[in-house]
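The file input.cif contains mmCIF, C-alpha atoms:
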data_model
#
loop_
_atom_site.label_atom_id
_atom_site.label_comp_id
_atom_site.auth_asym_id
_atom_site.auth_seq_id
_atom_site.Cartn_x
_atom_site.Cartn_y
_atom_site.Cartn_z
CA MET E 1 104.79 -239.99 153.51
CA THR E 2 107.57 -237.39 153.17
CA GLY E 3 108.27 -234.47 155.49
CA SER E 4 105.53 -232.36 153.92
CA LEU E 5 101.95 -233.14 152.96
CA ARG E 6 101.87 -233.49 149.17
CA VAL E 7 98.44 -232.57 147.79
CA GLY E 8 97.67 -233.50 144.18
CA THR E 9 95.63 -231.18 142.02
CA ARG E 10 94.75 -230.35 138.46
CA ALA E 11 96.39 -227.14 137.27
CA SER E 12 93.27 -225.14 136.33
CA ALA E 13 92.57 -221.95 138.28
CA LEU E 14 89.48 -223.49 139.89
CA ALA E 15 91.25 -226.71 140.86
CA LEU E 16 94.18 -224.80 142.35
CA THR E 17 91.85 -222.55 144.31
CA GLN E 18 89.86 -225.51 145.66
CA THR E 19 92.95 -227.55 146.47
CA THR E 20 94.72 -224.68 148.19
CA THR E 21 91.73 -224.14 150.47
CA VAL E 22 91.65 -227.84 151.35
CA ALA E 23 95.42 -228.11 151.83
CA GLU E 24 95.54 -225.07 154.10
CA ARG E 25 92.72 -226.41 156.25
CA ILE E 26 94.27 -229.88 156.62
CA SER E 27 97.63 -228.28 157.40
CA SER E 28 95.95 -226.20 160.08
CA LEU E 29 94.27 -229.26 161.61
CA SER E 30 97.31 -231.54 161.39
CA GLY E 31 100.22 -229.15 161.84
CA ALA E 32 101.83 -230.49 158.65
CA VAL E 33 103.40 -228.24 156.02
CA HIS E 34 101.80 -228.76 152.62
CA GLU E 35 102.92 -228.52 149.02
CA LEU E 36 100.80 -228.74 145.86
CA VAL E 37 101.64 -231.33 143.22
CA ARG E 38 100.19 -230.41 139.82
CA ILE E 39 98.94 -233.37 137.80
CA ARG E 40 97.92 -233.19 134.13
CA THR E 41 94.83 -235.29 133.38
CA GLU E 42 93.37 -236.69 130.16
CA GLY E 43 90.55 -234.17 130.46
CA ASP E 44 93.10 -231.37 130.33
CA VAL E 45 94.91 -232.81 127.31
CA HIS E 46 91.95 -233.78 125.09
CA LYS E 47 89.54 -231.01 124.17
CA GLY E 48 86.62 -232.98 122.71
CA SER E 49 83.24 -233.10 124.44
CA LEU E 50 83.14 -235.01 127.73
CA THR E 51 80.87 -237.67 126.29
CA GLN E 52 83.40 -238.29 123.50
CA ILE E 53 86.47 -238.56 125.75
CA GLY E 54 84.94 -240.73 128.45
CA GLY E 55 82.90 -238.53 130.76
CA THR E 56 84.09 -236.40 133.65
CA GLY E 57 85.99 -239.35 135.15
CA VAL E 58 88.82 -238.38 132.80
CA PHE E 59 89.71 -235.62 135.27
CA VAL E 60 90.18 -238.13 138.09
CA ALA E 61 92.26 -241.06 136.78
CA ALA E 62 95.64 -239.29 136.66
CA LEU E 63 95.23 -237.97 140.20
CA ARG E 64 94.39 -241.44 141.44
CA ASP E 65 97.38 -242.90 139.61
CA ALA E 66 99.59 -240.29 141.30
CA LEU E 67 98.25 -241.31 144.71
CA LEU E 68 98.82 -245.00 144.09
CA ALA E 69 102.33 -244.29 142.78
CA ASP E 70 103.14 -242.28 145.96
CA ARG E 71 103.69 -239.07 144.04
CA CYS E 72 101.23 -237.33 146.36
CA ASP E 73 99.56 -238.07 149.71
CA LEU E 74 96.15 -236.56 149.04
CA ALA E 75 94.15 -235.69 145.94
CA VAL E 76 91.36 -233.13 145.81
CA HIS E 77 88.49 -233.70 143.38
CA SER E 78 85.23 -231.98 142.55
CA LEU E 79 82.96 -234.70 143.88
CA LYS E 80 80.62 -234.52 140.89
CA ASP E 81 83.58 -235.66 138.73
CA LEU E 82 84.32 -238.72 140.86
CA PRO E 83 83.10 -242.09 139.49
CA THR E 84 80.66 -243.82 141.82
CA VAL E 85 82.68 -247.06 141.90
CA PRO E 86 85.45 -246.80 144.55
CA ALA E 87 89.05 -247.12 143.39
CA GLU E 88 90.91 -250.09 144.84
CA GLY E 89 93.46 -248.98 147.41
CA LEU E 90 92.00 -245.49 147.79
CA ASN E 91 89.54 -243.93 150.21
CA VAL E 92 87.50 -240.71 150.17
CA ALA E 93 88.57 -239.78 153.67
CA ALA E 94 87.01 -236.32 153.87
CA ILE E 95 84.12 -234.48 152.24
CA PRO E 96 84.19 -230.88 153.50
CA GLU E 97 81.05 -228.83 154.04
CA ARG E 98 79.36 -228.29 150.73
CA ALA E 99 79.17 -224.97 148.88
CA ASP E 100 76.19 -223.75 146.82
CA THR E 101 74.67 -226.69 144.93
CA ARG E 102 72.91 -224.69 142.23
CA ASP E 103 73.70 -224.07 138.59
CA ALA E 104 74.30 -220.47 137.60
CA LEU E 105 73.24 -218.66 134.43
CA CYS E 106 75.78 -216.10 133.24
CA ALA E 107 74.12 -214.07 130.51
CA ARG E 108 74.68 -210.88 128.56
CA ASP E 109 72.85 -207.75 129.63
CA GLY E 110 71.72 -209.22 132.95
CA LEU E 111 69.29 -211.61 131.28
CA THR E 112 67.68 -214.52 133.15
CA LEU E 113 66.37 -217.86 131.96
CA ALA E 114 62.90 -216.33 131.65
CA THR E 115 64.03 -213.19 129.80
CA LEU E 116 66.46 -214.74 127.30
CA PRO E 117 64.76 -214.36 123.91
CA ASP E 118 63.80 -217.37 121.81
CA GLY E 119 66.74 -218.31 119.62
CA ALA E 120 69.30 -217.17 122.20
CA THR E 121 72.44 -219.33 122.36
CA VAL E 122 73.36 -220.89 125.71
CA GLY E 123 76.58 -222.86 126.17
CA THR E 124 77.16 -225.86 128.43
CA GLY E 125 79.28 -229.00 128.35
CA SER E 126 76.82 -230.94 130.49
CA PRO E 127 74.10 -233.16 128.97
CA ARG E 128 72.19 -232.81 132.28
CA ARG E 129 72.16 -229.01 132.06
CA ALA E 130 71.42 -229.10 128.33
CA ALA E 131 68.41 -231.40 128.76
CA GLN E 132 66.91 -229.35 131.60
CA LEU E 133 67.55 -226.11 129.71
CA ARG E 134 65.70 -227.48 126.68
CA ALA E 135 62.83 -228.62 128.90
CA ALA E 136 62.52 -225.25 130.65
CA ARG E 137 63.03 -223.14 127.50
CA PRO E 138 62.48 -225.12 124.30
CA GLY E 139 63.10 -222.01 122.20
CA LEU E 140 66.75 -221.66 123.24
CA GLU E 141 69.65 -222.99 121.18
CA VAL E 142 71.91 -225.04 123.45
CA ILE E 143 75.55 -225.20 122.33
CA ASP E 144 78.05 -227.85 123.52
CA ILE E 145 81.20 -226.15 124.85
CA ARG E 146 84.41 -227.08 126.69
CA GLY E 147 87.09 -225.12 128.50
CA ASN E 148 87.84 -223.64 131.89
CA VAL E 149 85.66 -221.03 133.60
CA ASP E 150 87.34 -218.02 131.99
CA THR E 151 87.26 -219.62 128.53
CA ARG E 152 83.53 -220.23 128.84
CA LEU E 153 82.74 -216.80 130.23
CA ALA E 154 84.74 -215.19 127.41
CA ARG E 155 82.23 -216.61 124.94
CA VAL E 156 79.43 -214.46 126.40
CA ALA E 157 79.13 -210.92 125.11
CA GLY E 158 80.02 -208.42 127.84
CA LEU E 159 81.40 -210.90 130.39
CA SER E 160 85.04 -210.73 129.33
CA GLU E 161 87.51 -208.18 127.98
CA SER E 162 89.05 -210.77 125.65
CA GLY E 163 86.43 -210.45 122.92
CA PRO E 164 82.83 -209.69 121.99
CA GLY E 165 81.64 -213.25 122.65
CA ASP E 166 79.61 -215.52 120.38
CA LEU E 167 77.03 -216.76 122.93
CA ASP E 168 74.21 -215.10 124.81
CA ALA E 169 74.82 -217.09 128.01
CA VAL E 170 76.58 -220.03 129.62
CA VAL E 171 75.58 -222.23 132.55
CA LEU E 172 78.22 -223.08 135.15
CA ALA E 173 78.29 -224.47 138.67
CA ALA E 174 77.66 -221.66 141.13
CA ALA E 175 80.13 -223.15 143.63
CA GLY E 176 83.07 -222.76 141.26
CA LEU E 177 82.22 -219.15 140.49
CA PHE E 178 81.96 -218.30 144.18
CA ARG E 179 85.25 -220.06 144.94
CA LEU E 180 86.96 -218.04 142.20
CA GLY E 181 85.39 -214.78 143.35
CA ARG E 182 83.54 -214.47 140.04
CA GLU E 183 80.00 -214.31 141.40
CA SER E 184 79.48 -210.89 139.80
CA VAL E 185 78.96 -212.60 136.41
CA ILE E 186 75.97 -214.60 137.68
CA THR E 187 72.69 -213.23 136.37
CA GLU E 188 70.54 -215.99 137.89
CA LEU E 189 71.02 -218.81 140.37
CA ILE E 190 68.77 -221.41 138.80
CA ASP E 191 66.16 -222.83 141.17
CA PRO E 192 66.57 -226.60 141.66
CA ALA E 193 62.86 -226.86 140.85
CA VAL E 194 63.91 -225.92 137.31
CA MET E 195 67.35 -227.54 137.15
CA LEU E 196 68.47 -230.22 139.58
CA PRO E 197 72.27 -230.22 140.01
CA ALA E 198 74.64 -233.08 139.30
CA PRO E 199 75.00 -235.61 142.13
CA GLY E 200 77.67 -234.22 144.45
CA GLN E 201 77.71 -230.76 142.87
CA GLY E 202 79.21 -228.10 145.14
CA ALA E 203 81.12 -230.68 147.21
CA LEU E 204 84.79 -231.60 147.22
CA ALA E 205 86.32 -235.03 147.87
CA VAL E 206 89.67 -235.53 149.58
CA GLU E 207 91.07 -238.90 148.59
CA CYS E 208 94.04 -240.77 150.05
CA ARG E 209 95.51 -244.26 150.12
CA THR E 210 93.35 -246.60 152.20
CA GLY E 211 95.98 -247.18 154.88
CA ASP E 212 96.63 -243.45 155.30
CA ALA E 213 92.97 -242.83 156.16
CA VAL E 214 93.48 -244.53 159.54
CA ASP E 215 97.25 -244.67 160.04
CA SER E 216 98.99 -241.46 159.05
CA PRO E 217 100.01 -238.14 160.62
CA PHE E 218 97.04 -236.48 158.93
CA ALA E 219 94.34 -239.16 159.43
CA ALA E 220 92.79 -237.38 162.43
CA ALA E 221 92.73 -234.10 160.50
CA LEU E 222 90.86 -235.74 157.64
CA LYS E 223 88.31 -237.17 160.07
CA ASP E 224 87.79 -233.75 161.67
CA TYR E 225 87.48 -232.10 158.25
CA ASP E 226 84.72 -234.46 157.12
CA HIS E 227 81.25 -232.87 157.24
CA THR E 228 78.63 -235.43 158.25
CA THR E 229 75.57 -233.74 156.74
CA THR E 230 77.30 -233.20 153.42
CA ARG E 231 78.53 -236.79 153.33
CA LEU E 232 75.00 -238.10 153.93
CA ALA E 233 73.54 -235.90 151.18
CA VAL E 234 76.11 -236.75 148.52
CA THR E 235 76.05 -240.45 149.44
CA ALA E 236 72.33 -240.55 148.67
CA GLU E 237 72.76 -238.60 145.43
CA ARG E 238 75.63 -240.74 144.18
CA ALA E 239 73.77 -243.95 145.06
CA VAL E 240 71.10 -242.94 142.53
CA LEU E 241 73.76 -242.58 139.85
CA ARG E 242 75.45 -245.85 140.79
CA ARG E 243 72.23 -247.90 140.78
CA LEU E 244 71.20 -246.45 137.42
CA GLU E 245 74.66 -247.44 136.16
CA ALA E 246 75.03 -244.05 134.56
CA GLY E 247 78.23 -242.06 134.09
CA CYS E 248 79.06 -238.73 135.66
CA SER E 249 78.02 -236.93 132.47
CA ALA E 250 74.62 -238.66 132.13
CA PRO E 251 71.47 -236.47 131.95
CA ILE E 252 70.66 -237.15 135.60
CA GLY E 253 70.27 -234.66 138.43
CA ALA E 254 69.96 -235.32 142.15
CA LEU E 255 69.82 -233.24 145.32
CA ALA E 256 69.52 -234.38 148.92
CA THR E 257 68.90 -232.24 151.99
CA VAL E 258 68.79 -232.96 155.70
CA THR E 259 66.06 -231.23 157.69
CA GLY E 260 65.90 -232.23 161.32
CA ASP E 261 65.95 -236.02 161.41
CA VAL E 262 64.83 -236.50 157.80
CA LEU E 263 66.93 -236.93 154.67
CA THR E 264 65.01 -235.94 151.53
CA LEU E 265 66.27 -236.86 148.07
CA GLN E 266 65.04 -235.64 144.68
CA ALA E 267 66.26 -236.97 141.34
CA VAL E 268 65.50 -236.36 137.68
CA VAL E 269 66.21 -238.47 134.61
CA CYS E 270 66.07 -236.61 131.29
CA SER E 271 66.05 -237.46 127.63
CA LEU E 272 68.95 -235.80 125.87
CA ASP E 273 66.63 -233.54 123.88
CA GLY E 274 64.77 -232.43 127.01
CA THR E 275 61.38 -233.58 125.77
CA GLN E 276 61.01 -236.17 128.56
CA LEU E 277 61.76 -235.64 132.24
CA LEU E 278 61.02 -238.07 135.05
CA ARG E 279 61.36 -236.50 138.49
CA LEU E 280 60.71 -238.32 141.78
CA ALA E 281 61.53 -237.89 145.48
CA ARG E 282 61.95 -240.03 148.58
CA SER E 283 62.58 -239.34 152.27
CA GLY E 284 64.02 -241.42 155.08
CA GLY E 285 64.91 -241.16 158.74
CA ASP E 286 68.08 -243.29 158.79
CA LEU E 287 70.81 -240.66 159.06
CA SER E 288 73.70 -243.06 158.59
CA VAL E 289 75.89 -243.50 155.52
CA ASP E 290 74.29 -246.90 154.90
CA GLY E 291 70.83 -245.35 155.31
CA ALA E 292 71.65 -242.57 152.85
CA ASP E 293 72.95 -245.11 150.36
CA ALA E 294 69.81 -247.22 150.72
CA LEU E 295 67.64 -244.14 150.18
CA GLY E 296 69.45 -243.39 146.92
CA VAL E 297 69.19 -246.97 145.70
CA GLY E 298 65.49 -247.00 146.57
CA LEU E 299 64.82 -243.82 144.61
CA ALA E 300 66.74 -245.21 141.64
CA GLU E 301 64.55 -248.33 141.78
CA ASP E 302 61.48 -246.06 141.76
CA LEU E 303 62.84 -244.25 138.70
CA LEU E 304 63.51 -247.52 136.89
CA ALA E 305 60.03 -248.81 137.73
CA ALA E 306 58.60 -245.58 136.28
CA GLY E 307 60.44 -246.05 132.98
CA ALA E 308 63.75 -244.19 133.42
CA ALA E 309 65.65 -246.65 131.23
CA GLY E 310 63.42 -245.73 128.31
CA ILE E 311 64.10 -242.00 128.75
CA ALA E 312 67.86 -241.69 129.22
CA PRO E 313 70.83 -243.77 127.99
CA LEU E 314 71.21 -246.00 131.08
CA THR E 315 72.84 -249.39 131.53
CA ALA E 316 70.53 -250.39 134.39
CA GLN E 317 67.24 -252.10 133.64
#

Show me this structure written as C-alpha cells.
Amino acid sequence: MTGSLRVGTRASALALTQTTTVAERISSLSGAVHELVRIRTEGDVHKGSLTQIGGTGVFVAALRDALLADRCDLAVHSLKDLPTVPAEGLNVAAIPERADTRDALCARDGLTLATLPDGATVGTGSPRRAAQLRAARPGLEVIDIRGNVDTRLARVAGLSESGPGDLDAVVLAAAGLFRLGRESVITELIDPAVMLPAPGQGALAVECRTGDAVDSPFAAALKDYDHTTTRLAVTAERAVLRRLEAGCSAPIGALATVTGDVLTLQAVVCSLDGTQLLRLARSGGDLSVDGADALGVGLAEDLLAAGAAGIAPLTAQ
C-alpha cells in the first residue's frame, strides 16, 4: 500500500458518489488519506444490452483486475453487480448498512404503476424488472434501455430539460436515486410484493486483496464499517442466485429481512415474458453468515423442486 488509500471506482456519477461516501468513511475510521482511482470497465465501453455483453459482471472485472495489479487498494461495487462466485485473491471485507432496497418508478405526470395507461412505454435494462412489470401490468410496453441515471431519466417526458422524452416511465433502483439526490423524480416506490429487488440491491461491497483484509492499516476500519444485519440479508439473497446458477441479470428477485432473531427470505423466479412467476419464502433462526447462506440454498432448492428451471433460463437443475 502507498501513503494514501487508493479507492477504485467506475467514473459514472452514481459510482463516484457511492465511492466517495465509502472512501470518506473508511478514511475517517482509519485516519488514512484517500484518493479515487477511476477505472473504465467493459460495461462502460460497450453499449449493448447487459444480456448481450455478459451481464452486470462486466462492471466488476476491470475493478478487480486493478486491485490484483496493485493499482488500487480498495474497490467499491454495487453489490447487485457482483458475481456470486468469489474472485481468487480478493475479499469482500465490508458491506456497509444497506440503503432502500426497492425499485422506483419514474413516470411522466406523476403517474404510478396502477395509473399508467395500457400501451404506455416503460424502460428498463433489467430482465427481472421487465418480467415483473409485465406480470403486474400486461398492457404496458416494456422497452430495453441502457445508460446512466441521467440518460435514462432524459427519456421520460418531463423529467429532464434535455428533451421531450420518448418513454412514459423508467424503473431504476431507488437507492441510486437517493444517493444522487434525485428522489424528486420518483413517482412510486414499488412495493416488494409487486416487484422483488435484485439480490443485494441497495447494498455496496468494499473489496480488497485477501491479505489486506486482515493485515493492513485499514483492515480494522473495514471490519468496523461492515454491517452485520446487511451482510446476513445479502448473503441469503446471493445464495439463492448462486445455487440457481443464474447470472446477475437473470429474471430472479430476492429480499431478506431480519426481525428479532429470525431471518426471512423471499425469492421469485420469472419467465422473461412475465407470464409465469414462482415466488416462495423461508425463515430461519441461525443468524450467522453460514446460516444465512444455508437459508438461501434451501430456498433455491425449494424453487427448483417447484419447477423454477422450467420457468427461467437457469443452469441449475

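For the set E:Pro197, E:Gly296, E:Gly285, E:Pro217, the residue with the smallest atom-to-atom gap to Ala131 (chain E) is E:Pro197, counting only C-alpha atoms.
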
Please list as an MDAnalysis selection string every residue within 9 Å of region 227-239 of chain E, counting all atoms listed in the file and excluding residues in the same chain fewer than 3 positions away. chainID E and resid 79:80 83:84 94:98 198:201 203 223:224 242:244 253:258 263:267 287:300

* May I ask for the distance between CA of Gly158 (chain E) and CA of Thr115 (chain E), given in Å to one decimal place? =>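 These atoms are spaced 16.8 Å apart.
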
Practice prompt. List, as a list in words, every residue that the PyMOL selection byres ((chain E and resi 212) around 10) selects in the file provided.
Written response: Met1, Asp73, Leu74, Leu90, Asn91, Ala93, Glu207, Cys208, Arg209, Thr210, Gly211, Ala213, Val214, Asp215, Ser216, Pro217, Phe218, Ala219 and Leu222 of chain E

Using all atoms listed in the file, the residue out of E:Arg64, E:Val33, E:Val149, E:Thr187 with shortest distance to Pro86 (chain E) is E:Arg64

query = Out of E:Gly247, E:Gly123, E:Gly307, E:Gly274, which residue has the shortest atom-to-atom distance to Pro138 (chain E) when counting only C-alpha atoms?
reply =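 Ranked by minimum distance to Pro138 (chain E), first place goes to E:Gly274.
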
(request) Might you pull out every residue within 12 Å of Thr17 (chain E), with only C-alpha atoms counted and same-chain residues fewer than 2 positions away left off, and present them as JSON, numbers by chain? (result) {"E": [9, 10, 11, 12, 13, 14, 15, 19, 20, 21, 22, 23, 24, 36, 76, 77, 78, 175, 176, 177, 178, 179, 180, 181, 204]}

I'd like to know which of E:Ala308, E:Ala107, E:Leu189, E:Leu172 is closest to Leu159 (chain E), using all atoms listed in the file.
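Of E:Ala308, E:Ala107, E:Leu189, E:Leu172, the one nearest Leu159 (chain E) is E:Ala107, counting all atoms listed in the file.
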
If the box runs along x, y and z of the file and leaves 6 Å on each side of region 179-187 of chain E, what are its centre and edge lengths in Å, one decimal, as lines of an AutoDock Vina configuration file?
center_x = 79.8
center_y = -215.5
center_z = 140.7
size_x = 26.3
size_y = 21.2
size_z = 20.6

Open item on the list: Report, in Å to a single decimal, how far apart CA of Asp109 (chain E) and CA of Ser184 (chain E) are.
Closed with: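 Between CA of Ser184 (chain E) and CA of Asp109 (chain E) the gap works out to 12.5 Å.
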
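For the pair CA of Glu161 (chain E) and CA of Ala99 (chain E), the separation is 28.1 Å.
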
I'd like to see the residues matched by the PyMOL selection byres ((chain E and resi 150-154) around 8) on this file, and ideally I'd get them as a compact mmCIF listing (two decimals) with C-alpha atoms, keeping the file's coordinate frame.
# COMPACT_ATOMS: atom_id res chain seq x y z
CA CYS E 106 75.78 -216.10 133.24
CA GLY E 123 76.58 -222.86 126.17
CA ILE E 145 81.20 -226.15 124.85
CA ARG E 146 84.41 -227.08 126.69
CA GLY E 147 87.09 -225.12 128.50
CA ASN E 148 87.84 -223.64 131.89
CA VAL E 149 85.66 -221.03 133.60
CA ARG E 155 82.23 -216.61 124.94
CA VAL E 156 79.43 -214.46 126.40
CA ALA E 157 79.13 -210.92 125.11
CA LEU E 159 81.40 -210.90 130.39
CA SER E 160 85.04 -210.73 129.33
CA GLU E 161 87.51 -208.18 127.98
CA SER E 162 89.05 -210.77 125.65
CA GLY E 163 86.43 -210.45 122.92
CA PRO E 164 82.83 -209.69 121.99
CA GLY E 165 81.64 -213.25 122.65
CA VAL E 170 76.58 -220.03 129.62

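Minimum atom-to-atom distance to Ser126 (chain E), evaluated using all atoms listed in the file, belongs to E:Asp103 out of E:Asp103, E:Glu301, E:Asp261, E:Glu141.
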